[in-house]
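Participant: Just one file: coords.txt, with compact mmCIF, C-alpha atoms.
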# COMPACT_ATOMS: atom_id res chain seq x y z
CA MET D 7 38.88 -66.04 -32.17
CA SER D 8 36.23 -65.63 -29.45
CA PRO D 9 33.15 -63.58 -30.40
CA LEU D 10 33.03 -59.92 -29.48
CA PRO D 11 30.70 -59.03 -26.60
CA PRO D 12 27.65 -56.89 -27.43
CA LEU D 13 28.36 -53.17 -27.42
CA ARG D 14 25.77 -52.56 -24.71
CA GLU D 15 27.65 -54.98 -22.47
CA VAL D 16 30.97 -53.19 -23.18
CA ILE D 17 29.42 -49.81 -22.37
CA ALA D 18 27.85 -51.09 -19.15
CA ARG D 19 31.01 -52.89 -18.01
CA HIS D 20 33.14 -49.75 -18.45
CA GLY D 21 30.48 -47.42 -17.06
CA LEU D 22 30.41 -45.33 -20.22
CA SER D 23 27.82 -42.72 -21.07
CA ALA D 24 27.71 -40.33 -24.01
CA SER D 25 29.18 -36.94 -23.14
CA LYS D 26 27.11 -33.99 -24.32
CA ALA D 27 30.13 -31.72 -23.90
CA LEU D 28 32.10 -33.87 -26.37
CA GLY D 29 29.20 -34.12 -28.83
CA GLN D 30 28.95 -37.89 -28.36
CA ASN D 31 26.11 -40.16 -29.43
CA PHE D 32 26.84 -43.89 -29.51
CA LEU D 33 25.75 -46.16 -32.38
CA LEU D 34 25.05 -49.72 -31.24
CA ASP D 35 23.30 -51.38 -34.21
CA GLY D 36 25.84 -53.84 -35.62
CA GLN D 37 24.11 -54.20 -38.98
CA LEU D 38 23.95 -50.44 -39.47
CA LEU D 39 27.60 -50.06 -38.46
CA GLY D 40 28.53 -52.76 -40.95
CA ARG D 41 26.69 -50.90 -43.71
CA ILE D 42 28.59 -47.71 -42.90
CA ALA D 43 31.91 -49.57 -42.97
CA ARG D 44 31.07 -50.86 -46.47
CA VAL D 45 30.38 -47.40 -47.94
CA PRO D 46 34.04 -46.70 -48.95
CA GLY D 47 34.26 -50.10 -50.68
CA ASP D 48 36.57 -53.02 -49.95
CA LEU D 49 38.71 -52.06 -46.94
CA ALA D 50 40.64 -55.34 -46.59
CA GLY D 51 44.21 -54.31 -45.79
CA ALA D 52 43.38 -50.59 -46.24
CA GLU D 53 44.41 -47.80 -43.88
CA VAL D 54 41.50 -46.05 -42.15
CA PHE D 55 41.50 -42.94 -39.99
CA GLU D 56 38.65 -42.71 -37.47
CA VAL D 57 37.80 -39.70 -35.31
CA GLY D 58 35.93 -40.17 -32.03
CA PRO D 59 35.49 -43.96 -31.90
CA GLY D 60 33.93 -43.81 -28.41
CA PRO D 61 33.34 -47.37 -27.17
CA GLY D 62 34.33 -48.72 -30.59
CA GLY D 63 31.09 -49.55 -32.41
CA LEU D 64 32.14 -48.35 -35.85
CA THR D 65 35.73 -49.33 -35.07
CA ARG D 66 34.82 -53.00 -34.70
CA ALA D 67 32.89 -52.93 -37.99
CA LEU D 68 35.94 -51.44 -39.73
CA LEU D 69 38.25 -54.02 -38.15
CA GLN D 70 35.92 -56.82 -39.17
CA SER D 71 36.15 -55.54 -42.75
CA GLY D 72 39.92 -56.13 -42.60
CA ALA D 73 40.95 -52.47 -42.28
CA ARG D 74 43.95 -51.25 -40.31
CA VAL D 75 42.50 -48.47 -38.18
CA THR D 76 44.18 -45.47 -36.57
CA ALA D 77 41.68 -43.87 -34.20
CA VAL D 78 41.91 -40.58 -32.29
CA GLU D 79 39.84 -40.46 -29.10
CA ARG D 80 39.71 -37.50 -26.73
CA ASP D 81 37.63 -39.21 -24.02
CA HIS D 82 40.01 -41.16 -21.78
CA ARG D 83 37.05 -43.13 -20.37
CA CYS D 84 36.75 -44.98 -23.69
CA LEU D 85 40.39 -46.07 -23.90
CA PRO D 86 40.04 -49.34 -21.91
CA ALA D 87 37.20 -50.51 -24.18
CA LEU D 88 39.28 -49.65 -27.25
CA ALA D 89 42.28 -51.46 -25.76
CA GLU D 90 40.16 -54.62 -25.49
CA LEU D 91 39.21 -54.21 -29.14
CA ALA D 92 42.88 -53.79 -30.12
CA ALA D 93 43.71 -57.02 -28.29
CA HIS D 94 40.93 -58.81 -30.18
CA PHE D 95 42.35 -57.64 -33.54
CA PRO D 96 46.14 -57.84 -33.05
CA GLY D 97 48.07 -55.37 -35.19
CA GLN D 98 44.96 -53.80 -36.73
CA LEU D 99 44.09 -50.99 -34.32
CA HIS D 100 46.22 -48.08 -33.12
CA VAL D 101 44.52 -45.68 -30.70
CA ILE D 102 45.79 -42.16 -30.02
CA GLU D 103 44.44 -40.22 -27.06
CA GLY D 104 44.07 -36.64 -28.19
CA ASP D 105 42.01 -33.92 -29.80
CA ALA D 106 41.35 -34.56 -33.50
CA MET D 107 41.44 -30.80 -34.09
CA ALA D 108 45.05 -30.71 -32.89
CA VAL D 109 46.46 -34.04 -34.13
CA ASP D 110 48.68 -33.93 -37.24
CA ALA D 111 46.70 -36.65 -38.99
CA PRO D 112 48.61 -36.72 -42.32
CA ALA D 113 51.82 -37.48 -40.43
CA LEU D 114 50.25 -40.69 -39.08
CA PHE D 115 50.09 -42.39 -42.47
CA ALA D 116 52.62 -43.54 -45.05
CA THR D 117 49.85 -43.99 -47.64
CA ALA D 118 46.55 -42.17 -48.15
CA PRO D 119 43.89 -43.55 -45.77
CA HIS D 120 40.13 -43.59 -46.00
CA ILE D 121 38.57 -41.37 -43.33
CA VAL D 122 35.51 -43.04 -41.79
CA ALA D 123 33.91 -41.52 -38.71
CA ASN D 124 30.75 -40.87 -36.75
CA LEU D 125 31.93 -37.33 -36.13
CA PRO D 126 31.19 -35.54 -32.86
CA TYR D 127 28.55 -33.00 -33.83
CA ASN D 128 30.42 -30.06 -32.32
CA ILE D 129 33.56 -30.45 -34.49
CA GLY D 130 32.25 -32.14 -37.64
CA THR D 131 32.13 -29.07 -39.90
CA PRO D 132 35.52 -27.60 -38.84
CA LEU D 133 37.16 -30.99 -39.40
CA LEU D 134 35.63 -31.30 -42.86
CA VAL D 135 36.75 -27.81 -43.91
CA GLY D 136 40.25 -28.68 -42.69
CA TRP D 137 40.28 -31.90 -44.74
CA LEU D 138 39.25 -29.90 -47.82
CA SER D 139 42.19 -27.51 -47.39
CA PRO D 140 45.49 -27.53 -49.35
CA PRO D 141 47.66 -29.24 -50.35
CA TRP D 142 45.67 -30.93 -53.09
CA ARG D 143 45.26 -33.76 -54.07
CA PRO D 144 44.55 -34.54 -50.43
CA TRP D 145 46.33 -36.86 -48.03
CA TRP D 146 43.19 -39.06 -47.80
CA GLN D 147 41.47 -41.32 -50.36
CA THR D 148 37.78 -40.91 -49.47
CA LEU D 149 35.64 -39.42 -46.71
CA THR D 150 32.74 -41.36 -45.17
CA LEU D 151 31.36 -39.14 -42.44
CA MET D 152 28.28 -38.99 -40.22
CA PHE D 153 26.75 -35.53 -39.83
CA GLN D 154 23.52 -34.02 -38.59
CA ARG D 155 21.11 -34.34 -41.52
CA GLU D 156 20.95 -30.56 -41.92
CA VAL D 157 24.73 -30.36 -42.36
CA ALA D 158 24.74 -33.35 -44.72
CA ASP D 159 22.06 -31.69 -46.85
CA ARG D 160 24.14 -28.50 -47.03
CA ILE D 161 27.23 -30.44 -48.17
CA VAL D 162 25.47 -32.12 -51.12
CA ALA D 163 22.91 -29.41 -52.00
CA PRO D 164 22.59 -28.43 -55.69
CA VAL D 165 22.59 -24.79 -56.76
CA ASP D 166 19.37 -22.82 -56.26
CA SER D 167 18.02 -25.20 -53.63
CA GLU D 168 16.98 -24.64 -50.03
CA HIS D 169 20.21 -25.92 -48.45
CA TYR D 170 22.72 -24.63 -51.01
CA GLY D 171 25.29 -22.38 -49.40
CA ARG D 172 28.91 -21.75 -48.52
CA LEU D 173 29.54 -25.32 -47.31
CA SER D 174 28.06 -26.71 -50.54
CA VAL D 175 30.54 -24.71 -52.62
CA LEU D 176 33.56 -25.50 -50.43
CA ALA D 177 32.73 -29.23 -50.53
CA GLN D 178 31.77 -29.57 -54.17
CA TRP D 179 34.54 -27.57 -55.85
CA ARG D 180 37.01 -30.30 -54.89
CA THR D 181 34.92 -33.42 -54.28
CA THR D 182 31.99 -35.44 -55.50
CA ALA D 183 29.67 -35.60 -52.50
CA LYS D 184 26.59 -37.74 -52.01
CA ILE D 185 24.42 -38.94 -49.13
CA ALA D 186 25.18 -42.63 -48.72
CA MET D 187 22.40 -43.32 -46.21
CA PRO D 188 20.09 -41.56 -43.75
CA VAL D 189 20.38 -42.58 -40.09
CA HIS D 190 17.37 -42.27 -37.80
CA ARG D 191 17.87 -40.58 -34.44
CA ALA D 192 16.55 -43.73 -32.73
CA ALA D 193 19.69 -45.62 -33.81
CA PHE D 194 21.78 -43.65 -31.30
CA THR D 195 22.21 -43.94 -27.55
CA PRO D 196 21.10 -41.50 -26.30
CA PRO D 197 18.91 -40.42 -29.25
CA PRO D 198 19.86 -36.90 -30.42
CA LYS D 199 17.18 -34.35 -31.17
CA VAL D 200 17.99 -34.39 -34.90
CA MET D 201 18.27 -36.92 -37.71
CA SER D 202 21.66 -37.80 -39.18
CA ALA D 203 23.11 -38.95 -42.49
CA VAL D 204 26.30 -40.52 -43.80
CA VAL D 205 28.03 -38.49 -46.52
CA HIS D 206 30.54 -40.08 -48.90
CA MET D 207 33.04 -37.82 -50.66
CA THR D 208 35.68 -38.60 -53.27
CA PRO D 209 38.31 -36.03 -54.31
CA LEU D 210 38.40 -34.31 -57.69
CA ASP D 211 41.28 -32.51 -59.36
CA SER D 212 41.40 -29.00 -57.92
CA PRO D 213 40.49 -26.28 -60.47
CA ALA D 214 43.64 -24.43 -61.55
CA GLY D 215 44.37 -20.80 -60.77
CA VAL D 216 42.15 -20.38 -57.72
CA SER D 217 42.96 -20.45 -54.00
CA LEU D 218 40.84 -21.80 -51.17
CA ALA D 219 41.38 -18.57 -49.22
CA THR D 220 39.85 -16.50 -52.01
CA LEU D 221 36.93 -18.89 -52.46
CA GLU D 222 36.26 -18.85 -48.70
CA ARG D 223 36.34 -15.04 -48.63
CA LEU D 224 34.05 -14.81 -51.64
CA THR D 225 31.46 -17.31 -50.42
CA ALA D 226 31.50 -15.90 -46.88
CA ALA D 227 30.57 -12.49 -48.27
CA ALA D 228 28.02 -13.80 -50.77
CA PHE D 229 26.16 -16.11 -48.39
CA GLY D 230 26.58 -13.86 -45.39
CA GLN D 231 23.85 -11.71 -46.91
CA ARG D 232 22.12 -14.33 -49.04
CA ARG D 233 18.86 -12.41 -49.38
CA LYS D 234 20.68 -9.51 -51.02
CA MET D 235 21.78 -9.19 -54.63
CA LEU D 236 25.43 -9.90 -55.41
CA ARG D 237 26.16 -6.25 -56.11
CA GLN D 238 25.31 -5.55 -52.46
CA SER D 239 26.69 -8.69 -50.74
CA LEU D 240 30.00 -8.53 -52.66
CA LYS D 241 30.36 -4.76 -52.38
CA GLY D 242 33.23 -5.15 -49.91
CA VAL D 243 35.16 -7.65 -52.08
CA ALA D 244 37.67 -5.71 -54.16
CA GLY D 245 37.42 -6.51 -57.85
CA ALA D 246 34.18 -8.49 -57.55
CA ALA D 247 32.08 -6.10 -59.64
CA ALA D 248 34.56 -6.10 -62.53
CA ALA D 249 34.92 -9.89 -62.33
CA MET D 250 31.16 -10.41 -62.49
CA GLU D 251 30.91 -8.13 -65.50
CA ALA D 252 33.75 -9.92 -67.29
CA LEU D 253 32.18 -13.33 -66.63
CA GLY D 254 28.65 -12.28 -67.51
CA ILE D 255 27.30 -12.91 -63.99
CA ALA D 256 24.46 -10.45 -63.43
CA PRO D 257 24.97 -8.41 -60.24
CA THR D 258 21.22 -8.63 -59.60
CA ARG D 259 21.47 -12.38 -58.91
CA ARG D 260 21.53 -13.80 -55.38
CA ALA D 261 24.21 -16.12 -54.02
CA GLU D 262 22.03 -19.26 -54.01
CA THR D 263 21.64 -19.01 -57.82
CA VAL D 264 25.41 -18.94 -58.47
CA SER D 265 26.79 -22.37 -59.33
CA VAL D 266 29.97 -23.89 -57.88
CA ALA D 267 31.66 -23.43 -61.27
CA GLU D 268 30.67 -19.75 -61.33
CA PHE D 269 32.01 -19.16 -57.81
CA VAL D 270 35.27 -20.85 -58.81
CA ALA D 271 35.48 -18.67 -61.93
CA LEU D 272 34.89 -15.54 -59.82
CA ALA D 273 37.56 -16.58 -57.32
CA ARG D 274 40.00 -17.27 -60.17
CA ALA D 275 39.34 -13.85 -61.65
CA LEU D 276 39.97 -12.23 -58.28
CA ASP D 277 43.24 -14.13 -57.85
CA GLN D 278 44.43 -13.06 -61.29
I need this file expressed as structure tokens, please.

Facilitator:
Amino acid sequence: MSPLPPLREVIARHGLSASKALGQNFLLDGQLLGRIARVPGDLAGAEVFEVGPGPGGLTRALLQSGARVTAVERDHRCLPALAELAAHFPGQLHVIEGDAMAVDAPALFATAPHIVANLPYNIGTPLLVGWLSPPWRPWWQTLTLMFQREVADRIVAPVDSEHYGRLSVLAQWRTTAKIAMPVHRAAFTPPPKVMSAVVHMTPLDSPAGVSLATLERLTAAAFGQRRKMLRQSLKGVAGAAAAMEALGIAPTRRAETVSVAEFVALARALDQ
């Protein structure tokens, strides 16, 4: 098999440039891309779902690992470059032109894939929340996702820390989340204004007797007024005061001091 051309050459030949409107920033460092592709573990023969492959930097690293990749790309300008990559790895890459927010991703796979993606910044959080939604256990095996460092810190933040908030609870009640590696802004073309990080998430059994809708409603109220005590921020949530009393959660506490387990217990009490 002939060697792959450098990514910079591919981008230049196809006249590609990162679209700010699509939240694109291209990663070109082959060694870094290889490290990201190794985060989920051995991918030889595994199914992988990638969102926003762009010119195919991470895609080629995944293909080189032996993965069978299904990629959704909204930017039609990138499709010829991805077609070249598919020809280089026969039978390993399937590219779908479309919006990842609209594609029925679970229907694309017969078995649970790993999701590995340098997510467009403007849709990263909505996609993650969607992947954490029912049914559970999920249709995917693991998540290995690039986010702005601020978002990554919120996902993995422990209770009573600076970044702990609604996203922390929604991520950690159903997954084990950790930062796999930081990524400097200089690694991207063009460099974004912020640092990034790769987050790796593995699913847990979903706590019984509690719904995502209730947990979302509860955390939205609690962290929507995070400087206020719970008795004030949860005043509009029916049953919250009685549930806190029954669980021994002082109404004078603030949301950032309430653990994931305590939020889950509150949501369960509200559902019952």

Participant: Which one of D:Cys84, D:Pro141, D:Val135, D:Val45 sits closest to Lys184 of chain D if you count only C-alpha atoms?

Facilitator: D:Val45

Participant: Show me, as a list in words, the residues that have an atom within 10 Å of Gly104 of chain D when counting only C-alpha atoms, minus same-chain residues fewer than 3 positions from it.

Facilitator: Val57, Gly58, Ala77, Val78, Glu79, Arg80, Asp81, His82, Val101, Met107, Ala108 and Val109 of chain D

Participant: Grab the atom CA of Leu10 of chain D to atom CA of Thr150 of chain D distance for me, in Å with one decimal place.

Facilitator: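 It comes out at 24.3 Å.
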
Participant: Please return, as a count of residues only, all polymer residues that have at least one atom within 7 Å of the point (30.6, -36.2, -38.2); use all atoms listed in the file and the file's own coordinate frame.

Facilitator: 9

Participant: Choose the residue, out of D:Thr195, D:Ser167, D:Thr208, D:Ser202, that has the smallest atom-to-atom separation from Thr182 of chain D; count only C-alpha atoms.

Facilitator: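 Closest residue, counting only C-alpha atoms: D:Thr208.
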
Participant: Just want the 8 Å neighbourhood of segment 243-254 of chain D, counted on all atoms listed in the file, with same-chain residues fewer than 5 positions away dropped. Output as an mmCIF file with C-alpha atoms, in the frame of the given file.

Facilitator:
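This went into around.cif:
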data_model
loop_
_atom_site.group_PDB
_atom_site.id
_atom_site.type_symbol
_atom_site.label_atom_id
_atom_site.label_comp_id
_atom_site.auth_asym_id
_atom_site.auth_seq_id
_atom_site.Cartn_x
_atom_site.Cartn_y
_atom_site.Cartn_z
ATOM 1 C CA LEU D 224 34.050 -14.810 -51.640
ATOM 2 C CA ALA D 227 30.570 -12.490 -48.270
ATOM 3 C CA ARG D 237 26.160 -6.250 -56.110
ATOM 4 C CA ALA D 271 35.480 -18.670 -61.930
ATOM 5 C CA LEU D 272 34.890 -15.540 -59.820
ATOM 6 C CA ALA D 275 39.340 -13.850 -61.650
ATOM 7 C CA LEU D 276 39.970 -12.230 -58.280
#

Participant: What's the 9 Å shell around Val270 of chain D, counting all atoms listed in the file, without same-chain residues fewer than 6 positions away, as a list in words?

Facilitator: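 Answer for this query is Val175, Trp179, Pro213, Val216 and Leu221 of chain D.
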
Participant: Please compute the atom CA of Arg233 of chain D-atom CA of Lys199 of chain D distance, one decimal, in Å.

Facilitator: 28.6 Å

Participant: Please identify all polymer residues within 12 Å of Glu168 of chain D, counting all atoms listed in the file, omitting same-chain residues fewer than 3 positions from it, and present them as a PyMOL selection string.

Facilitator: chain D and resi 156+159-165+171+174+232+261-263

Participant: So how many Å separate atom CA of Thr65 of chain D and atom CA of Thr181 of chain D, to one decimal?

Facilitator: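 Going from atom CA of Thr65 of chain D over to atom CA of Thr181 of chain D covers 25.0 Å.
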
Participant: For Ala43 of chain D, which of D:Arg83, D:His20, D:Thr117, D:Ala186 is the closest residue, counting all atoms listed in the file?

Facilitator: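 Among the listed residues, the smallest separation from Ala43 of chain D belongs to D:Ala186.
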
Participant: Need the axis-aligned box for segment 153-163 of chain D with 5 Å each side, so what are the centre and edges in Å to one decimal, as lines of an AutoDock Vina configuration file?

Facilitator:
center_x = 24.1
center_y = -32.0
center_z = -45.3
size_x = 16.3
size_y = 17.0
size_z = 23.4
